[in-house]
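Data from structure_22.cif: mmCIF, C-alpha atoms
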```cif
data_upload
#
loop_
_atom_site.label_atom_id
_atom_site.label_comp_id
_atom_site.auth_asym_id
_atom_site.auth_seq_id
_atom_site.Cartn_x
_atom_site.Cartn_y
_atom_site.Cartn_z
CA MET A 1197 0.00 0.00 0.00
CA THR A 1198 1.30 3.48 -0.83
CA SER A 1199 1.67 5.69 2.24
CA SER A 1200 -0.04 9.10 2.35
CA PHE A 1201 2.82 10.43 4.48
CA SER A 1202 5.71 12.33 2.96
CA LYS A 1203 9.13 10.60 2.90
CA PRO A 1204 10.75 13.02 5.41
CA LEU A 1205 7.91 12.44 7.85
CA LEU A 1206 8.26 8.66 7.54
CA GLU A 1207 11.99 8.93 8.23
CA ILE A 1208 11.32 10.88 11.41
CA LEU A 1209 8.65 8.44 12.55
CA SER A 1210 10.95 5.46 11.89
CA ILE A 1211 13.36 6.51 14.65
CA LEU A 1212 10.59 7.03 17.24
CA PRO A 1213 9.16 4.27 19.42
CA LYS A 1214 6.09 2.92 17.64
CA GLN A 1215 3.79 3.66 20.55
CA THR A 1216 4.91 7.32 20.47
CA TRP A 1217 3.95 8.07 16.89
CA ASN A 1218 0.83 5.91 17.05
CA SER A 1219 -0.26 8.00 20.02
CA SER A 1220 0.51 11.22 18.15
CA LEU A 1221 -1.43 10.13 15.07
CA THR A 1222 -4.39 9.07 17.19
CA ARG A 1223 -4.36 12.38 19.03
CA GLY A 1224 -4.24 14.28 15.75
CA LEU A 1225 -7.19 12.36 14.32
CA THR A 1226 -9.10 12.90 17.55
CA GLN A 1227 -8.48 16.63 17.42
CA GLN A 1228 -9.61 16.71 13.79
CA LYS A 1229 -12.80 14.85 14.64
CA THR A 1230 -13.40 17.16 17.60
CA SER A 1231 -13.01 20.21 15.36
CA VAL A 1232 -15.51 18.78 12.88
CA GLY A 1233 -17.87 17.94 15.72
CA ILE A 1234 -17.77 21.51 17.06
CA ARG A 1235 -18.46 22.88 13.58
CA GLN A 1236 -21.38 20.47 13.14
CA CYS A 1237 -22.77 21.33 16.58
CA ARG A 1238 -22.64 25.03 15.76
CA ASN A 1239 -24.49 24.49 12.50
CA PHE A 1240 -27.06 22.19 14.07
CA SER A 1241 -29.22 23.75 16.75
CA CYS A 1242 -27.50 21.73 19.45
CA HIS A 1243 -29.01 23.58 22.41
CA SER A 1244 -32.55 22.79 21.32
CA GLY A 1245 -31.84 19.33 19.93
CA SER A 1246 -33.03 20.31 16.45
CA LYS A 1247 -31.78 18.05 13.66
CA LYS A 1248 -32.11 20.73 10.98
CA ARG A 1249 -28.93 22.66 10.23
CA LYS A 1250 -28.99 26.41 10.66
CA THR A 1251 -28.03 26.75 7.00
CA THR A 1252 -31.02 24.65 6.02
CA GLN A 1253 -33.29 26.69 8.27
CA LEU A 1254 -32.22 29.89 6.48
CA LYS A 1255 -32.57 28.35 3.04
CA ASP A 1256 -36.05 27.13 3.96
CA MET A 1257 -36.99 30.66 5.00
CA LEU A 1258 -35.72 32.15 1.75
CA THR A 1259 -37.65 29.63 -0.35
CA SER A 1260 -40.78 29.56 1.79
CA PRO A 1261 -44.08 30.53 0.16
CA ASP A 1262 -44.72 32.70 3.23
CA LEU A 1263 -43.21 36.10 3.93
CA GLU A 1264 -40.42 35.59 6.48
CA PHE A 1265 -38.73 38.03 8.85
CA ILE A 1266 -35.30 38.30 10.43
CA MET A 1267 -34.26 40.80 13.10
CA GLU A 1268 -31.07 42.73 13.67
CA ALA A 1269 -28.66 41.78 16.44
CA HIS A 1270 -25.13 42.97 17.10
CA ASN A 1271 -23.80 40.78 19.92
CA GLY A 1272 -24.62 37.59 21.80
CA LEU A 1273 -27.00 39.28 24.24
CA SER A 1274 -29.08 41.02 21.57
CA ALA A 1275 -29.14 37.81 19.53
CA LYS A 1276 -30.55 35.89 22.50
CA ILE A 1277 -33.21 38.56 22.97
CA VAL A 1278 -34.20 38.35 19.29
CA GLN A 1279 -34.60 34.59 19.52
CA GLU A 1280 -36.67 34.83 22.70
CA ALA A 1281 -38.95 37.37 21.00
CA GLY A 1282 -39.88 34.61 18.55
CA PHE A 1283 -37.90 35.47 15.44
CA LYS A 1284 -36.76 32.56 13.28
CA GLY A 1285 -33.58 34.23 12.10
CA LEU A 1286 -30.96 36.90 12.86
CA TRP A 1287 -29.51 39.71 10.76
CA GLY A 1288 -25.88 40.40 11.68
CA SER A 1289 -26.02 44.07 10.77
CA GLY A 1290 -22.78 45.65 9.60
CA LEU A 1291 -23.99 49.06 10.76
CA SER A 1292 -24.92 47.81 14.21
CA ILE A 1293 -21.82 45.66 14.76
CA SER A 1294 -19.51 48.51 13.79
CA ALA A 1295 -21.51 51.09 15.76
CA GLN A 1296 -21.34 49.08 18.99
CA TRP A 1297 -17.55 49.42 18.72
CA GLY A 1298 -17.84 53.15 18.02
CA VAL A 1299 -16.48 52.93 14.47
CA ARG A 1300 -18.05 53.81 11.14
CA ASP A 1301 -19.81 51.43 8.78
CA SER A 1302 -16.99 51.82 6.25
CA ASN A 1303 -15.03 48.61 6.87
CA GLU A 1304 -13.12 50.25 9.72
CA ALA A 1305 -13.73 47.08 11.73
CA SER A 1306 -11.74 44.19 10.26
CA TRP A 1307 -13.44 41.12 8.87
CA THR A 1308 -11.86 38.99 11.59
CA GLN A 1309 -13.40 41.23 14.26
CA VAL A 1310 -16.80 40.88 12.59
CA VAL A 1311 -16.43 37.09 12.39
CA GLY A 1312 -15.58 37.06 16.10
CA ALA A 1313 -18.72 39.03 16.89
CA VAL A 1314 -21.06 36.78 14.93
CA GLU A 1315 -19.47 33.70 16.47
CA PHE A 1316 -20.73 34.87 19.88
CA MET A 1317 -24.16 35.53 18.35
CA SER A 1318 -24.37 32.09 16.77
CA ASP A 1319 -23.17 30.30 19.91
CA ALA A 1320 -25.82 32.08 22.00
CA THR A 1321 -28.75 31.05 19.80
CA ASP A 1322 -30.41 28.17 17.95
CA ILE A 1323 -31.66 30.17 14.97
CA PRO A 1324 -29.79 30.94 11.72
CA LEU A 1325 -27.77 34.10 11.24
CA LEU A 1326 -27.40 35.92 7.94
CA LEU A 1327 -24.34 38.17 8.09
CA ASP A 1328 -24.26 41.57 6.47
CA ALA A 1329 -20.89 40.84 4.87
CA ASP A 1330 -20.54 44.15 3.02
CA THR A 1331 -18.53 43.50 -0.18
CA GLY A 1332 -16.96 40.31 1.17
CA TYR A 1333 -14.11 42.51 2.51
CA GLY A 1334 -12.18 42.61 -0.75
CA ASN A 1335 -12.10 40.66 -3.98
CA PHE A 1336 -13.19 37.08 -4.69
CA ASN A 1337 -10.30 35.64 -2.66
CA ASN A 1338 -11.19 37.58 0.50
CA ALA A 1339 -14.85 36.69 0.04
CA ARG A 1340 -14.33 32.97 -0.37
CA ARG A 1341 -12.03 32.86 2.67
CA LEU A 1342 -14.76 34.63 4.63
CA VAL A 1343 -17.25 31.94 3.59
CA ARG A 1344 -14.98 29.21 4.94
CA LYS A 1345 -14.56 30.98 8.27
CA LEU A 1346 -18.29 31.64 8.59
CA GLU A 1347 -19.09 27.99 7.95
CA ASP A 1348 -16.61 26.99 10.67
CA ARG A 1349 -18.57 29.13 13.13
CA GLY A 1350 -22.04 27.92 12.26
CA ILE A 1351 -23.16 31.05 10.39
CA ALA A 1352 -25.97 30.25 7.96
CA GLY A 1353 -25.27 32.72 5.19
CA ALA A 1354 -23.58 35.88 3.94
CA CYS A 1355 -25.19 38.85 2.23
CA MET A 1356 -22.71 40.61 -0.06
CA GLU A 1357 -23.27 43.89 -1.87
CA ASP A 1358 -22.01 44.89 -5.29
CA LYS A 1359 -20.11 47.99 -4.15
CA LEU A 1360 -16.38 48.56 -4.11
CA PHE A 1361 -14.28 47.95 -1.01
CA PRO A 1362 -14.25 49.83 1.33
CA LYS A 1363 -17.99 50.41 1.27
CA THR A 1364 -20.08 53.39 2.35
CA ASN A 1365 -23.35 52.90 4.22
CA SER A 1366 -26.24 53.04 1.78
CA LEU A 1367 -28.40 55.41 3.83
CA HIS A 1368 -25.98 58.35 3.71
CA ASP A 1369 -27.16 61.36 1.74
CA GLY A 1370 -25.01 62.85 -1.01
CA ARG A 1371 -22.25 60.25 -0.81
CA ALA A 1372 -20.71 58.49 -3.80
CA GLN A 1373 -21.66 54.81 -4.06
CA PRO A 1374 -19.35 53.28 -6.71
CA LEU A 1375 -20.35 49.80 -7.85
CA ALA A 1376 -18.33 46.82 -9.00
CA THR A 1377 -18.83 45.66 -12.55
CA ILE A 1378 -21.44 42.98 -13.10
CA GLU A 1379 -18.78 40.53 -14.25
CA GLU A 1380 -16.54 41.08 -11.22
CA PHE A 1381 -19.33 40.65 -8.70
CA SER A 1382 -20.84 37.67 -10.51
CA LEU A 1383 -17.47 35.91 -10.39
CA LYS A 1384 -17.19 36.74 -6.68
CA ILE A 1385 -20.53 35.01 -6.10
CA LYS A 1386 -19.38 32.04 -8.17
CA ALA A 1387 -16.17 31.77 -6.11
CA CYS A 1388 -18.13 31.80 -2.86
CA LYS A 1389 -20.60 29.15 -4.01
CA GLU A 1390 -17.83 26.89 -5.26
CA THR A 1391 -15.94 27.30 -1.96
CA GLN A 1392 -18.70 26.47 0.52
CA HIS A 1393 -18.80 22.94 1.95
CA ASP A 1394 -22.42 22.96 3.11
CA PRO A 1395 -24.75 22.99 0.08
CA ASP A 1396 -27.33 24.96 2.09
CA PHE A 1397 -25.00 27.82 3.07
CA CYS A 1398 -26.69 30.85 1.53
CA ILE A 1399 -25.19 33.68 -0.49
CA VAL A 1400 -27.57 36.62 -0.78
CA ALA A 1401 -26.55 39.11 -3.49
CA ARG A 1402 -27.36 42.68 -2.52
CA VAL A 1403 -28.04 44.93 -5.49
CA GLU A 1404 -27.16 48.60 -4.90
CA ALA A 1405 -28.20 49.97 -8.29
CA PHE A 1406 -31.04 52.06 -6.86
CA ILE A 1407 -28.78 53.34 -4.07
CA ALA A 1408 -26.20 54.43 -6.67
CA GLY A 1409 -28.89 56.12 -8.79
CA TRP A 1410 -28.68 53.71 -11.74
CA GLY A 1411 -32.38 52.89 -12.09
CA LEU A 1412 -34.56 49.85 -12.74
CA GLU A 1413 -32.92 48.56 -15.92
CA GLU A 1414 -29.52 48.29 -14.25
CA ALA A 1415 -31.03 46.81 -11.08
CA LEU A 1416 -32.75 44.11 -13.10
CA ARG A 1417 -29.65 43.38 -15.20
CA ARG A 1418 -27.54 42.95 -12.08
CA ALA A 1419 -30.10 40.82 -10.24
CA GLU A 1420 -30.44 38.43 -13.19
CA ALA A 1421 -26.65 38.11 -13.55
CA TYR A 1422 -26.15 37.42 -9.84
CA ARG A 1423 -28.93 34.87 -9.79
CA ASN A 1424 -27.36 33.10 -12.76
CA ALA A 1425 -23.99 33.16 -10.97
CA GLY A 1426 -25.47 31.11 -8.15
CA ALA A 1427 -26.87 33.56 -5.60
CA ASP A 1428 -29.53 31.95 -3.41
CA ALA A 1429 -31.52 35.20 -3.17
CA ILE A 1430 -31.43 38.82 -4.26
CA LEU A 1431 -31.56 41.68 -1.76
CA MET A 1432 -32.95 44.69 -3.59
CA HIS A 1433 -32.02 47.83 -1.68
CA SER A 1434 -33.74 51.20 -1.78
CA LYS A 1435 -33.53 54.27 0.45
CA ARG A 1436 -36.62 56.00 -0.85
CA LYS A 1437 -39.34 56.92 1.64
CA ASP A 1438 -41.84 54.94 -0.43
CA PRO A 1439 -41.66 51.44 -1.94
CA SER A 1440 -41.92 52.54 -5.58
CA GLU A 1441 -38.50 51.21 -6.61
CA ILE A 1442 -39.19 47.85 -4.96
CA GLU A 1443 -42.63 47.69 -6.61
CA ALA A 1444 -41.13 48.35 -10.03
CA PHE A 1445 -38.44 45.73 -9.53
CA MET A 1446 -40.81 43.04 -8.27
CA LYS A 1447 -43.08 43.56 -11.26
CA ALA A 1448 -40.17 43.26 -13.71
CA TRP A 1449 -38.48 40.41 -11.81
CA LYS A 1450 -41.44 38.06 -12.37
CA ASN A 1451 -40.56 35.76 -9.49
CA GLN A 1452 -37.24 34.51 -10.91
CA GLY A 1453 -36.01 33.77 -7.39
CA PRO A 1454 -36.29 34.83 -3.72
CA VAL A 1455 -36.16 38.57 -3.02
CA VAL A 1456 -35.18 40.15 0.30
CA ILE A 1457 -35.92 43.76 1.22
CA VAL A 1458 -34.88 46.20 3.96
CA PRO A 1459 -37.72 48.71 4.55
CA THR A 1460 -35.80 50.96 6.97
CA ASN A 1461 -36.79 54.13 5.09
CA TYR A 1462 -40.17 53.05 3.69
CA TYR A 1463 -41.34 51.76 7.07
CA THR A 1464 -44.87 53.16 6.72
CA THR A 1465 -45.63 50.65 3.95
CA PRO A 1466 -48.04 47.98 5.25
CA THR A 1467 -46.38 44.59 5.59
CA SER A 1468 -49.31 43.08 3.70
CA HIS A 1469 -48.15 45.01 0.63
CA PHE A 1470 -44.80 43.19 0.74
CA ARG A 1471 -46.71 39.90 0.75
CA ASP A 1472 -48.81 40.99 -2.20
CA MET A 1473 -45.68 41.90 -4.17
CA GLY A 1474 -44.20 38.44 -3.63
CA VAL A 1475 -41.30 39.45 -1.36
CA SER A 1476 -39.65 36.44 0.32
CA MET A 1477 -38.02 38.01 3.38
CA VAL A 1478 -38.02 41.30 5.28
CA ILE A 1479 -35.02 42.41 7.33
CA TRP A 1480 -35.66 44.68 10.31
CA ALA A 1481 -32.13 45.97 9.95
CA ASN A 1482 -30.90 48.17 12.81
CA HIS A 1483 -33.67 48.76 15.30
CA ASN A 1484 -32.27 46.99 18.35
CA LEU A 1485 -29.14 49.11 18.11
CA ARG A 1486 -31.17 52.28 17.75
CA ALA A 1487 -33.47 51.31 20.62
CA SER A 1488 -30.52 50.61 22.91
CA VAL A 1489 -28.84 53.92 22.00
CA MET A 1490 -31.97 55.86 22.93
CA ALA A 1491 -32.33 53.94 26.20
CA MET A 1492 -28.68 54.45 27.18
CA GLN A 1493 -28.80 58.16 26.33
CA SER A 1494 -31.88 58.60 28.51
CA VAL A 1495 -30.57 56.63 31.50
CA SER A 1496 -27.08 58.15 31.37
CA ALA A 1497 -28.44 61.70 31.21
CA LYS A 1498 -30.83 61.09 34.10
CA ILE A 1499 -28.18 59.56 36.37
CA TYR A 1500 -25.79 62.40 35.54
CA LYS A 1501 -28.41 65.02 36.30
CA GLU A 1502 -29.83 63.48 39.48
CA GLN A 1503 -26.63 61.91 40.84
CA SER A 1504 -28.77 59.01 41.96
CA LEU A 1505 -30.01 55.63 40.75
CA GLU A 1506 -33.42 55.87 42.39
CA GLY A 1507 -35.17 57.55 39.49
CA ILE A 1508 -34.12 55.05 36.81
CA GLN A 1509 -34.91 51.72 38.46
CA ASN A 1510 -38.11 51.28 36.46
CA GLN A 1511 -36.21 52.00 33.23
CA VAL A 1512 -33.66 49.20 33.53
CA THR A 1513 -33.89 45.43 33.72
CA SER A 1514 -32.80 43.53 36.81
CA VAL A 1515 -29.32 42.11 37.24
CA LYS A 1516 -30.96 38.71 37.63
CA GLU A 1517 -32.41 39.04 34.13
CA ILE A 1518 -28.90 39.64 32.79
CA PHE A 1519 -27.72 36.48 34.56
CA ARG A 1520 -30.62 34.56 33.00
CA LEU A 1521 -29.77 35.78 29.50
CA GLN A 1522 -26.17 34.71 30.09
CA ASN A 1523 -27.44 31.21 30.99
CA ASP A 1524 -25.73 31.47 34.37
CA GLN A 1525 -27.78 28.59 35.78
CA GLU A 1526 -25.97 26.19 33.47
CA LEU A 1527 -22.68 27.21 35.07
CA VAL A 1528 -24.14 26.71 38.55
CA GLU A 1529 -25.12 23.16 37.65
CA ALA A 1530 -21.79 22.48 35.93
CA GLU A 1531 -19.87 23.63 39.00
CA LYS A 1532 -21.78 21.13 41.12
CA LYS A 1533 -20.81 18.39 38.68
CA TYR A 1534 -17.22 19.24 37.89
CA LEU A 1535 -15.72 21.16 40.86
CA PRO A 1536 -14.35 19.28 43.88
CA SER A 1537 -16.95 18.99 46.63
CA ASN A 1538 -14.55 20.12 49.34
#
```
Mind turning the file's structure into structure tokens?
Amino acid sequence: MTSSFSKPLLEILSILPKQTWNSSLTRGLTQQKTSVGIRQCRNFSCHSGSKKRKTTQLKDMLTSPDLEFIMEAHNGLSAKIVQEAGFKGLWGSGLSISAQWGVRDSNEASWTQVVGAVEFMSDATDIPLLLDADTGYGNFNNARRLVRKLEDRGIAGACMEDKLFPKTNSLHDGRAQPLATIEEFSLKIKACKETQHDPDFCIVARVEAFIAGWGLEEALRRAEAYRNAGADAILMHSKRKDPSEIEAFMKAWKNQGPVVIVPTNYYTTPTSHFRDMGVSMVIWANHNLRASVMAMQSVSAKIYKEQSLEGIQNQVTSVKEIFRLQNDQELVEAEKKYLPSN
């Protein structure tokens, strides 16, 4: 039989006691299996015992005949709160994750920092997370490496936009929003789809043609190209105060594939209208961050003014509730099991 080991490695092993290198090989295989097991546990909803992978859960939502909803979170605590509210999925908002660190939504936070943040969010929950992955943090090579790292951490999908790196937040007024060429972004999608190991890992292609002022024809051309390149869904973005651009696109799109929208600016539109248009998923994109900012501003100002905590007690949750959200009881039980009794 031909050995899979290199010749230099075999020479080294030949001078070691057999039990030594057998033990080393066994340990290496065990570590490899453990790593795979952790990755599988993260992708399966291990806390709840669900047998459906998080990637499959997200794909099912995108292809569901019903209108689905995912909610913004920006850390493990907010992700847990979103799940407990009843949402079936999480939006790892680039704006919110960067803002919690006090930096701008212009790729000032590194992709490794973002991956670290969503790892905490995924570990804290049993529901799938779709990451706002900006442009993929570079070209096709950066994007496909990101996909591998997200899969390792149990993230269900990545939403990538067809802007140039570094990106500018789409809701800014009067800011240039340069776009990648259709060919470049299509090949980036293709690279990501050919890199992923899990067939249900989702790539959502975010079309910024309306944001850049290019109009319906360009939006449709890009959406069709990205769908043909392998995207699992199209996110059609608009910052108008009304849904007219989305309405025009949905009519021209003719249900070629799942469509995701982000109605942050056209929030007065009835949700039933999104259903009637045939939208697949709505992202409530940044509202937990904005709610927490308002709450912290109010509480901080009141404590500063009154130099007392008495007046804010009914505005804040209990410390015990924080312990519950952290799953502190599990640690209490584990300490009883694993710490010496004396």
Atom CA of A:Met1267 to atom CA of A:Gly1288 measures 8.5 Å
Distance atom CA of A:Ile1266-atom CA of A:Glu1380, one decimal place?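 Result for atom CA of A:Ile1266 versus atom CA of A:Glu1380: 28.8 Å, one decimal.
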When the PyMOL selection byres ((chain A and resi 1471) around 12) is applied to the structure above, which residues does it catch, written out as number ranges by chain? A: 1260-1265, 1443, 1446, 1455-1457, 1465-1470, 1472-1478
Go ahead and dump the residues you just picked, C-alpha atoms, as an mmCIF file, keeping the file's coordinate frame.
```
data_model
loop_
_atom_site.group_PDB
_atom_site.id
_atom_site.type_symbol
_atom_site.label_atom_id
_atom_site.label_comp_id
_atom_site.auth_asym_id
_atom_site.auth_seq_id
_atom_site.Cartn_x
_atom_site.Cartn_y
_atom_site.Cartn_z
ATOM 1 C CA SER A 1260 -40.780 29.560 1.790
ATOM 2 C CA PRO A 1261 -44.080 30.530 0.160
ATOM 3 C CA ASP A 1262 -44.720 32.700 3.230
ATOM 4 C CA LEU A 1263 -43.210 36.100 3.930
ATOM 5 C CA GLU A 1264 -40.420 35.590 6.480
ATOM 6 C CA PHE A 1265 -38.730 38.030 8.850
ATOM 7 C CA GLU A 1443 -42.630 47.690 -6.610
ATOM 8 C CA MET A 1446 -40.810 43.040 -8.270
ATOM 9 C CA VAL A 1455 -36.160 38.570 -3.020
ATOM 10 C CA VAL A 1456 -35.180 40.150 0.300
ATOM 11 C CA ILE A 1457 -35.920 43.760 1.220
ATOM 12 C CA THR A 1465 -45.630 50.650 3.950
ATOM 13 C CA PRO A 1466 -48.040 47.980 5.250
ATOM 14 C CA THR A 1467 -46.380 44.590 5.590
ATOM 15 C CA SER A 1468 -49.310 43.080 3.700
ATOM 16 C CA HIS A 1469 -48.150 45.010 0.630
ATOM 17 C CA PHE A 1470 -44.800 43.190 0.740
ATOM 18 C CA ASP A 1472 -48.810 40.990 -2.200
ATOM 19 C CA MET A 1473 -45.680 41.900 -4.170
ATOM 20 C CA GLY A 1474 -44.200 38.440 -3.630
ATOM 21 C CA VAL A 1475 -41.300 39.450 -1.360
ATOM 22 C CA SER A 1476 -39.650 36.440 0.320
ATOM 23 C CA MET A 1477 -38.020 38.010 3.380
ATOM 24 C CA VAL A 1478 -38.020 41.300 5.280
#
```
Measuring atom to atom with all atoms listed in the file, identify which of A:Asp1358, A:Thr1259, A:Gln1509, A:Asn1424 is nearest to A:Ile1407.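 Under the stated criterion, the closest residue is A:Asp1358.
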From A:Ile1399, A:Ala1387, A:Ala1448, A:Leu1431, residue lying nearest A:Glu1413 [all atoms listed in the file]: A:Ala1448
Determine the residue membership of the PyMOL selection byres ((chain A and resi 1386) around 10) for the file above and supply it as a short mmCIF file (atom, residue, chain, number, x, y, z; two decimals) with C-alpha atoms, in the coordinates of the input.
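Done, and the output landed in part.cif:
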```cif
data_model
loop_
_atom_site.label_atom_id
_atom_site.label_comp_id
_atom_site.auth_asym_id
_atom_site.auth_seq_id
_atom_site.Cartn_x
_atom_site.Cartn_y
_atom_site.Cartn_z
CA PHE A 1336 -13.19 37.08 -4.69
CA ARG A 1340 -14.33 32.97 -0.37
CA GLU A 1380 -16.54 41.08 -11.22
CA PHE A 1381 -19.33 40.65 -8.70
CA SER A 1382 -20.84 37.67 -10.51
CA LEU A 1383 -17.47 35.91 -10.39
CA LYS A 1384 -17.19 36.74 -6.68
CA ILE A 1385 -20.53 35.01 -6.10
CA ALA A 1387 -16.17 31.77 -6.11
CA CYS A 1388 -18.13 31.80 -2.86
CA LYS A 1389 -20.60 29.15 -4.01
CA GLU A 1390 -17.83 26.89 -5.26
CA THR A 1391 -15.94 27.30 -1.96
CA ILE A 1399 -25.19 33.68 -0.49
CA TYR A 1422 -26.15 37.42 -9.84
CA ASN A 1424 -27.36 33.10 -12.76
CA ALA A 1425 -23.99 33.16 -10.97
CA GLY A 1426 -25.47 31.11 -8.15
CA ALA A 1427 -26.87 33.56 -5.60
#
```
